[in-house]
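Asks: First, the structure itself, so that you have it in front of you.
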Amino acid sequence: MAIDNDRYALETYANNRKDYKELKIINDNISDLSYDSKKIIKNLLNSVIIDLIIGGPPCQGFSNVNKQKILNDPRNKLYKKFIDFVNLIRPKIFVMENVSGIKKLKNEIIRDFLSIDYNSIFTILNSSDFGVPQNRYRAFFIGLRSDLNFDLKDILNNIEKLKVKKKFTLNETIGDLPVLKARRIKNSYDSEDEETGYDSIFYKYKNNTFRNMINFNEKCNFLYNHKTRYNNSRDIKIFELLPQGKDSLHDSIKHIMPYKNREHIFRDKYYKLSYNNVSRTITAHMQYDCNMYIHPTQARGLTPREAARIQTFPDNYIFKGPFTSWYRQIGNAVPCRLAYIIAKSIKDSGVFDGK
């Protein structure tokens with residue numbers, strides 16, 4: 001079962017899970033579930049035992065990109081709804097993901113889980129340590145029902161063992177994708193062509209270590225969601241002039257920078273990624289613009305497929321909904337490789353062995 005208040009994310013999820021015949025999709029908000037949603041959940045609980053719940057309740061008030069960090073932000077308490085859900089379903093184990101800033105509430109959250117008889121541990125992981133080509137720090141709470149005799153530290157030890165020695169660069173991640181130009185016509189995202197990209201096009205698979213990893217050695221000879229967004233002439237000129245790894249304060253663009261009087265605020269208004277390094281954190285802000293995610297060698301922002309590669313989505317994972325929602329879905333996701341590492345570490349720990 002998957003529950004989310006973003007209907008496009010659910011449409012994407014269902015489309016990529018067609019083999020899951022028993023999959024149930026609920027488009028709702030767990031803070032205020034409808035009668036129908038509650039009925040579906042109740043019927044499910046009457047028929048099966050749930051072993052695992054995974055969730056990421058929004059806590060934007062603790063995000064590092066939130067310049068106005070408000071401890072009383074009501075979104076910071078949405079994790080309590082997740083705890084209510086765990087208490088209702090009583091799985092063996094749960095995983096709760098969040099921004100690293102939630103560390104401020106770590107002890108309170110651990111106590112809250114303990115109050116419903118779940119022991120939990122807290123860790124912060126950088127995705128780049130596990131083969132994800134971006135610096136992305138995220139917090140994880142992993143909890144176990146207290147009647148089960150198991151050491152949660154075994155899971156953390158398993159995760160630690162799966163760290164990689166070599167980090168993938170952006171060149172290894174997106175360097176093989178077709179060259180595109182920025183879209184010059186506003187609201188033209190339904191159009192497709194060789195210059196601005198396609199929703200779907202045949203693309204002969206090229207082997208490399210990164211692509212083989214994210215695709216589990218399966219070849220995908222189609223390219224999906226590789227389309228550019230609109231940019232005006234000024235921004236395209238900034239994209240051309242800015243060197244790799246440089247931001248809004250660089251001398252090369254001072255003469256055309258539109259935010260000169262607010263440099264202290266807009267230092268990262270523009271940022272060009274570097275082919276020789278990992279990416280900065282992919283975020284849902286990309287639905288508004290990609291000025292902080294300028295392609296290293298092409299005068300444009302990243303396409304959704306390039307952002308998806310950086311988030312280690314498999315090449316055959318297709319995003320549904322309006323064009324800009326693709327960016328939001330990708331930015332809000334836990335990197336697939338990191339999710340796999342955590343899932344494998346839990347499974348290999350033996351917590352699901354036996355009854």
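Quick note on naming: the chains in the structure tokens go A, B, ... in the order shown, residues restart at 1 in each chain, and ligands are numbered from 1 in order of appearance.
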Listing only residues of region 196-223 of chain A within 12 Å of region 340-354 of chain A, what is the closest atom pair and its distance in Å (to one decimal) for each, using only C-alpha atoms, sorted by chain and residue number ascending, as a tab-separated table?

Replies:
```
residue	atom	partner	partner_atom	distance
A:Met213	CA	A:Tyr340	CA	11.3
A:Ile214	CA	A:Tyr340	CA	10.2
A:Phe216	CA	A:Tyr340	CA	11.2
```

Asks: Let me see the file: selected residues, N, CA and C atoms, as a PDB file, in the first residue's frame.

Replies:
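out-v4.pdb, freshly written:
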```
ATOM      1  N   MET A 213      24.875  -0.186 -12.306  1.00  0.00           N
ATOM      2  CA  MET A 213      24.484  -0.242 -10.901  1.00  0.00           C
ATOM      3  C   MET A 213      23.023   0.162 -10.723  1.00  0.00           C
ATOM      4  N   ILE A 214      22.634   1.326 -11.274  1.00  0.00           N
ATOM      5  CA  ILE A 214      21.267   1.801 -11.036  1.00  0.00           C
ATOM      6  C   ILE A 214      20.232   0.937 -11.751  1.00  0.00           C
ATOM      7  N   PHE A 216      20.652  -2.388 -12.230  1.00  0.00           N
ATOM      8  CA  PHE A 216      20.860  -3.785 -11.816  1.00  0.00           C
ATOM      9  C   PHE A 216      21.218  -4.661 -13.023  1.00  0.00           C
TER      10      PHE A 216
END
```

Asks: Residues at most 10 Å from Leu180 (chain A), counting only C-alpha atoms, excluding those fewer than 4 positions away in the same chain, as a list of chain:residue names?

Replies: A:Asp193, A:Glu194, A:Glu195, A:Thr196, A:Gly197, A:His226, A:Lys227, A:Thr228, A:Gln298, A:Ala299, A:Arg300, A:Leu302, A:Thr303

Asks: Could you write those residues out with C-alpha atoms, as an mmCIF file, in the first residue's frame?

Replies:
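Result saved to out04.cif:
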```
data_model
loop_
_atom_site.group_PDB
_atom_site.id
_atom_site.type_symbol
_atom_site.label_atom_id
_atom_site.label_comp_id
_atom_site.auth_asym_id
_atom_site.auth_seq_id
_atom_site.Cartn_x
_atom_site.Cartn_y
_atom_site.Cartn_z
ATOM 1 C CA ASP A 193 12.068 17.664 -30.827
ATOM 2 C CA GLU A 194 15.732 16.755 -31.138
ATOM 3 C CA GLU A 195 16.840 20.123 -29.730
ATOM 4 C CA THR A 196 14.766 20.232 -26.519
ATOM 5 C CA GLY A 197 14.173 16.516 -25.925
ATOM 6 C CA HIS A 226 14.794 13.865 -21.034
ATOM 7 C CA LYS A 227 13.386 17.309 -21.888
ATOM 8 C CA THR A 228 14.608 20.816 -21.153
ATOM 9 C CA GLN A 298 25.422 22.815 -21.855
ATOM 10 C CA ALA A 299 23.771 26.232 -21.385
ATOM 11 C CA ARG A 300 20.643 24.980 -19.636
ATOM 12 C CA LEU A 302 19.289 19.761 -15.794
ATOM 13 C CA THR A 303 16.512 17.749 -17.391
#
```

Asks: Between A:Asp51, A:Asp315, A:Glu192, A:Glu108, which one has atoms that come closest to Arg90 (chain A), using only C-alpha atoms?

Replies: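 Of all the options, A:Asp51 lies closest to Arg90 (chain A).
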
Asks: Taking 5 positions as the minimum chain separation for residues in the same chain, which residues sit within 9 Å of region 110-127 of chain A when counting only C-alpha atoms? Answer as a ChimeraX atom specification.

Replies: /A:80,83-84,86-87,93-94,99-100,103,105,132-147,152-153,156,335,337-338

Asks: Could you please take those selected residues and save C-alpha atoms as a PDB file, in the first residue's frame?

Replies:
```pdb
ATOM      1  CA  LYS A  80       3.586  12.385  15.135  1.00  0.00           C
ATOM      2  CA  ILE A  83       3.949   7.513  14.859  1.00  0.00           C
ATOM      3  CA  ASP A  84       0.151   7.177  15.119  1.00  0.00           C
ATOM      4  CA  VAL A  86       2.933   2.818  13.311  1.00  0.00           C
ATOM      5  CA  ASN A  87       0.915   2.402  16.494  1.00  0.00           C
ATOM      6  CA  ILE A  93       9.938  -2.620  12.029  1.00  0.00           C
ATOM      7  CA  PHE A  94       9.673   0.878  10.588  1.00  0.00           C
ATOM      8  CA  VAL A  99      15.950  16.139   6.671  1.00  0.00           C
ATOM      9  CA  SER A 100      19.084  16.128   8.809  1.00  0.00           C
ATOM     10  CA  LYS A 103      18.276  15.939  14.724  1.00  0.00           C
ATOM     11  CA  LEU A 105      14.093  16.596  17.874  1.00  0.00           C
ATOM     12  CA  VAL A 132      24.752   8.230  -5.089  1.00  0.00           C
ATOM     13  CA  PRO A 133      26.438  11.047  -7.076  1.00  0.00           C
ATOM     14  CA  GLN A 134      25.345  13.918  -4.835  1.00  0.00           C
ATOM     15  CA  ASN A 135      26.035  15.291  -1.397  1.00  0.00           C
ATOM     16  CA  ARG A 136      22.706  14.626   0.282  1.00  0.00           C
ATOM     17  CA  TYR A 137      22.526  14.271   4.058  1.00  0.00           C
ATOM     18  CA  ARG A 138      19.347  12.667   5.369  1.00  0.00           C
ATOM     19  CA  ALA A 139      18.219  11.475   8.791  1.00  0.00           C
ATOM     20  CA  PHE A 140      16.760   8.019   9.425  1.00  0.00           C
ATOM     21  CA  PHE A 141      14.935   6.566  12.401  1.00  0.00           C
ATOM     22  CA  ILE A 142      14.803   2.760  12.351  1.00  0.00           C
ATOM     23  CA  GLY A 143      12.549   1.179  14.962  1.00  0.00           C
ATOM     24  CA  LEU A 144      11.650  -2.290  16.174  1.00  0.00           C
ATOM     25  CA  ARG A 145       8.628  -3.502  18.135  1.00  0.00           C
ATOM     26  CA  SER A 146       9.790  -4.017  21.717  1.00  0.00           C
ATOM     27  CA  ASP A 147       8.520  -7.620  21.999  1.00  0.00           C
ATOM     28  CA  LEU A 152      19.095  -2.616  15.849  1.00  0.00           C
ATOM     29  CA  LYS A 153      22.804  -1.788  15.773  1.00  0.00           C
ATOM     30  CA  LEU A 156      23.620   0.156  11.176  1.00  0.00           C
ATOM     31  CA  PRO A 335      17.799   8.310  -3.605  1.00  0.00           C
ATOM     32  CA  ARG A 337      20.436   3.459  -4.233  1.00  0.00           C
ATOM     33  CA  LEU A 338      20.346   4.638  -0.616  1.00  0.00           C
TER      34      LEU A 338
END
```

Asks: Given only C-alpha atoms as the basis, pick out the residue of A:Met96, A:Ser200, A:Ser279, A:Ile40 nearest to Lys167 (chain A).

Replies: A:Ser279

Asks: Identify, on the basis of only C-alpha atoms, every residue whose closest approach to Asp247 (chain A) does not exceed 6 Å; exclude the query and any residue fewer than 2 positions from it along the same chain; express the result as a PDB file with C-alpha atoms, in the first residue's frame.

Replies:
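Saved file result_31.pdb follows:
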```pdb
ATOM      1  CA  LEU A 249      29.206  35.894  -7.178  1.00  0.00           C
ATOM      2  CA  HIS A 250      31.663  34.910  -9.906  1.00  0.00           C
ATOM      3  CA  ASP A 268      23.297  30.412  -4.933  1.00  0.00           C
ATOM      4  CA  TYR A 270      22.912  30.473 -10.059  1.00  0.00           C
ATOM      5  CA  TYR A 271      25.254  27.546  -9.721  1.00  0.00           C
TER       6      TYR A 271
END
```

Asks: With only C-alpha atoms as the counted atoms, please give the residues lying no more than 12 Å from Asn171 (chain A), apart from itself and same-chain residues fewer than 3 positions off, as an NGL selection string.

Replies: :A and (133 or 167-168 or 174-177 or 208 or 210-211 or 273-279 or 295-297 or 306 or 309-310)

Asks: Could you write out, as a PyMOL selection string, all the residues of region 57-304 of chain A that DSSP marks as strand (DSSP E)?

Replies: chain A and resi 93-99+118-126+137-145+197-202+222-227

Asks: Grab the residues selected above and save them as a tab-separated table (two decimals), in the first residue's frame with N, CA and C atoms.

Replies:
```tsv
chain	number	residue	atom	x	y	z
A	93	ILE	N	8.88	-3.63	12.14
A	93	ILE	CA	9.94	-2.62	12.03
A	93	ILE	C	9.44	-1.45	11.18
A	94	PHE	N	10.01	-0.28	11.41
A	94	PHE	CA	9.67	0.88	10.59
A	94	PHE	C	10.95	1.62	10.23
A	95	VAL	N	10.87	2.40	9.15
A	95	VAL	CA	11.94	3.33	8.76
A	95	VAL	C	11.28	4.68	8.52
A	96	MET	N	11.77	5.73	9.18
A	96	MET	CA	11.26	7.08	8.96
A	96	MET	C	12.41	7.96	8.49
A	97	GLU	N	12.25	8.55	7.32
A	97	GLU	CA	13.29	9.39	6.72
A	97	GLU	C	12.93	10.85	6.87
A	98	ASN	N	13.96	11.71	7.02
A	98	ASN	CA	13.69	13.13	7.14
A	98	ASN	C	14.95	13.94	6.85
A	99	VAL	N	14.79	15.26	6.85
A	99	VAL	CA	15.95	16.14	6.67
A	99	VAL	C	16.84	16.05	7.91
A	118	TYR	N	8.12	0.90	20.84
A	118	TYR	CA	9.07	0.68	19.76
A	118	TYR	C	10.43	1.25	20.16
A	119	ASN	N	11.44	0.41	20.14
A	119	ASN	CA	12.81	0.88	20.32
A	119	ASN	C	13.31	1.40	18.99
A	120	SER	N	14.05	2.49	19.01
A	120	SER	CA	14.51	3.04	17.74
A	120	SER	C	15.92	3.59	17.85
A	121	ILE	N	16.57	3.68	16.71
A	121	ILE	CA	17.90	4.27	16.60
A	121	ILE	C	17.85	5.36	15.54
A	122	PHE	N	18.81	6.27	15.64
A	122	PHE	CA	18.85	7.44	14.76
A	122	PHE	C	20.21	7.49	14.07
A	123	THR	N	20.20	7.82	12.78
A	123	THR	CA	21.47	7.99	12.07
A	123	THR	C	21.29	9.02	10.96
A	124	ILE	N	22.39	9.70	10.63
A	124	ILE	CA	22.41	10.61	9.48
A	124	ILE	C	23.38	10.03	8.46
A	125	LEU	N	22.91	9.91	7.22
A	125	LEU	CA	23.72	9.32	6.16
A	125	LEU	C	23.91	10.32	5.03
A	126	ASN	N	25.10	10.32	4.44
A	126	ASN	CA	25.36	11.10	3.22
A	126	ASN	C	25.26	10.15	2.04
A	137	TYR	N	22.61	14.78	2.69
A	137	TYR	CA	22.53	14.27	4.06
A	137	TYR	C	21.06	14.11	4.44
A	138	ARG	N	20.70	12.93	4.93
A	138	ARG	CA	19.35	12.67	5.37
A	138	ARG	C	19.36	11.88	6.67
A	139	ALA	N	18.35	12.14	7.49
A	139	ALA	CA	18.22	11.48	8.79
A	139	ALA	C	17.28	10.28	8.66
A	140	PHE	N	17.59	9.22	9.42
A	140	PHE	CA	16.76	8.02	9.43
A	140	PHE	C	16.55	7.54	10.87
A	141	PHE	N	15.29	7.27	11.18
A	141	PHE	CA	14.94	6.57	12.40
A	141	PHE	C	14.53	5.15	11.99
A	142	ILE	N	15.16	4.16	12.60
A	142	ILE	CA	14.80	2.76	12.35
A	142	ILE	C	14.34	2.18	13.69
A	143	GLY	N	13.12	1.63	13.70
A	143	GLY	CA	12.55	1.18	14.96
A	143	GLY	C	12.03	-0.25	14.91
A	144	LEU	N	12.05	-0.89	16.05
A	144	LEU	CA	11.65	-2.29	16.17
A	144	LEU	C	10.65	-2.44	17.31
A	145	ARG	N	9.61	-3.22	17.08
A	145	ARG	CA	8.63	-3.50	18.14
A	145	ARG	C	9.32	-4.14	19.33
A	197	GLY	N	14.36	17.81	-26.56
A	197	GLY	CA	14.17	16.52	-25.92
A	197	GLY	C	12.80	15.90	-26.10
A	198	TYR	N	12.67	14.69	-25.53
A	198	TYR	CA	11.46	13.88	-25.74
A	198	TYR	C	10.97	13.26	-24.42
A	199	ASP	N	9.67	12.96	-24.40
A	199	ASP	CA	9.13	12.17	-23.28
A	199	ASP	C	9.71	10.76	-23.33
A	200	SER	N	9.83	10.23	-24.54
A	200	SER	CA	10.33	8.87	-24.73
A	200	SER	C	10.93	8.76	-26.11
A	201	ILE	N	12.13	8.17	-26.17
A	201	ILE	CA	12.79	7.98	-27.47
A	201	ILE	C	13.74	6.79	-27.38
A	202	PHE	N	13.88	6.08	-28.50
A	202	PHE	CA	14.83	4.96	-28.54
A	202	PHE	C	16.24	5.51	-28.33
A	222	PHE	N	15.50	2.68	-24.10
A	222	PHE	CA	14.67	3.86	-24.30
A	222	PHE	C	15.09	4.92	-23.29
A	223	LEU	N	14.93	6.18	-23.69
A	223	LEU	CA	15.26	7.29	-22.81
A	223	LEU	C	13.96	8.03	-22.50
A	224	TYR	N	13.67	8.21	-21.21
A	224	TYR	CA	12.42	8.82	-20.80
A	224	TYR	C	12.66	10.14	-20.06
A	225	ASN	N	11.71	11.06	-20.22
A	225	ASN	CA	11.70	12.31	-19.44
A	225	ASN	C	12.96	13.16	-19.61
A	226	HIS	N	13.59	13.05	-20.77
A	226	HIS	CA	14.79	13.86	-21.03
A	226	HIS	C	14.39	15.06	-21.89
A	227	LYS	N	13.86	16.10	-21.22
A	227	LYS	CA	13.39	17.31	-21.89
A	227	LYS	C	13.87	18.52	-21.11
```

Asks: Between A:Lys204, A:Lys219, A:Lys269, A:Lys24, single out the one closest to Asp289 (chain A), counting only C-alpha atoms.

Replies: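 Selected residue with least distance to Asp289 (chain A): A:Lys269.
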
Asks: Work out how far apart CA of Arg234 (chain A) and CA of Tyr288 (chain A) are and give it in Å to one decimal.

Replies: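 Spanning CA of Arg234 (chain A) to CA of Tyr288 (chain A) is a straight-line distance of 17.0 Å.
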
Asks: Enumerate the residues of region 141-284 of chain A with a DSSP assignment of helix (DSSP H, G or I), computed from the backbone, and present them as a PyMOL selection string.

Replies: chain A and resi 153-161+170-174+209-214+233-241+251-253+260-262+284

Asks: Pull C-alpha atoms from the residues just selected and write them as a JSON list (two decimals), in the first residue's frame.

Replies:
```json
[["chain", "number", "residue", "atom", "x", "y", "z"],
["A", 153, "LYS", "CA", 22.80, -1.79, 15.77],
["A", 154, "ASP", "CA", 23.26, -4.81, 13.49],
["A", 155, "ILE", "CA", 21.36, -2.88, 10.81],
["A", 156, "LEU", "CA", 23.62, 0.16, 11.18],
["A", 157, "ASN", "CA", 26.67, -2.11, 10.97],
["A", 158, "ASN", "CA", 25.32, -3.61, 7.75],
["A", 159, "ILE", "CA", 24.79, -0.14, 6.30],
["A", 160, "GLU", "CA", 28.33, 0.89, 7.23],
["A", 161, "LYS", "CA", 29.77, -2.13, 5.41],
["A", 170, "LEU", "CA", 28.59, 13.81, -12.73],
["A", 171, "ASN", "CA", 30.40, 12.95, -15.94],
["A", 172, "GLU", "CA", 30.00, 9.24, -15.16],
["A", 173, "THR", "CA", 26.36, 9.86, -14.20],
["A", 174, "ILE", "CA", 24.93, 11.98, -17.03],
["A", 209, "THR", "CA", 29.64, 1.04, -14.02],
["A", 210, "PHE", "CA", 27.17, 3.67, -12.80],
["A", 211, "ARG", "CA", 24.37, 2.80, -15.23],
["A", 212, "ASN", "CA", 24.83, -0.91, -14.63],
["A", 213, "MET", "CA", 24.48, -0.24, -10.90],
["A", 214, "ILE", "CA", 21.27, 1.80, -11.04],
["A", 233, "SER", "CA", 18.08, 34.90, -23.10],
["A", 234, "ARG", "CA", 19.70, 36.51, -20.04],
["A", 235, "ASP", "CA", 19.73, 33.27, -18.06],
["A", 236, "ILE", "CA", 21.06, 31.30, -21.02],
["A", 237, "LYS", "CA", 23.91, 33.83, -21.33],
["A", 238, "ILE", "CA", 24.67, 33.42, -17.61],
["A", 239, "PHE", "CA", 24.67, 29.63, -18.08],
["A", 240, "GLU", "CA", 27.19, 30.00, -20.93],
["A", 241, "LEU", "CA", 29.58, 32.33, -19.09],
["A", 251, "ASP", "CA", 33.23, 37.77, -11.89],
["A", 252, "SER", "CA", 32.24, 36.23, -15.23],
["A", 253, "ILE", "CA", 28.56, 37.18, -14.78],
["A", 260, "LYS", "CA", 23.35, 42.66, -7.49],
["A", 261, "ASN", "CA", 21.74, 44.45, -4.53],
["A", 262, "ARG", "CA", 20.88, 41.16, -2.81],
["A", 284, "ALA", "CA", 11.97, 19.78, -5.21]]
```

Asks: How far is it from CA of Arg229 (chain A) to CA of Ala339 (chain A), in Å with one decimal?

Replies: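 So the answer is 28.5 Å.
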
Asks: Please provide as a ChimeraX atom specification all residues within 12 Å of Lys21 (chain A), with the sequence filter that same-chain residues fewer than 5 positions apart are discarded (counting only C-alpha atoms).

Replies: /A:1,14-15

Asks: What does the structure give for the distance between CA of Gln329 (chain A) and CA of Ile3 (chain A), in Å to one decimal?

Replies: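 Separation between CA of Gln329 (chain A) and CA of Ile3 (chain A): 14.2 Å.
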
Asks: Would you kindly return, as a list in words, each protein, DNA or RNA residue with an atom no farther than 7 Å from any atom of Pro57 (chain A), considering only C-alpha atoms and excluding same-chain residues fewer than 3 positions away?

Replies: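 That gives Leu78, Tyr79 and Phe82 of chain A.
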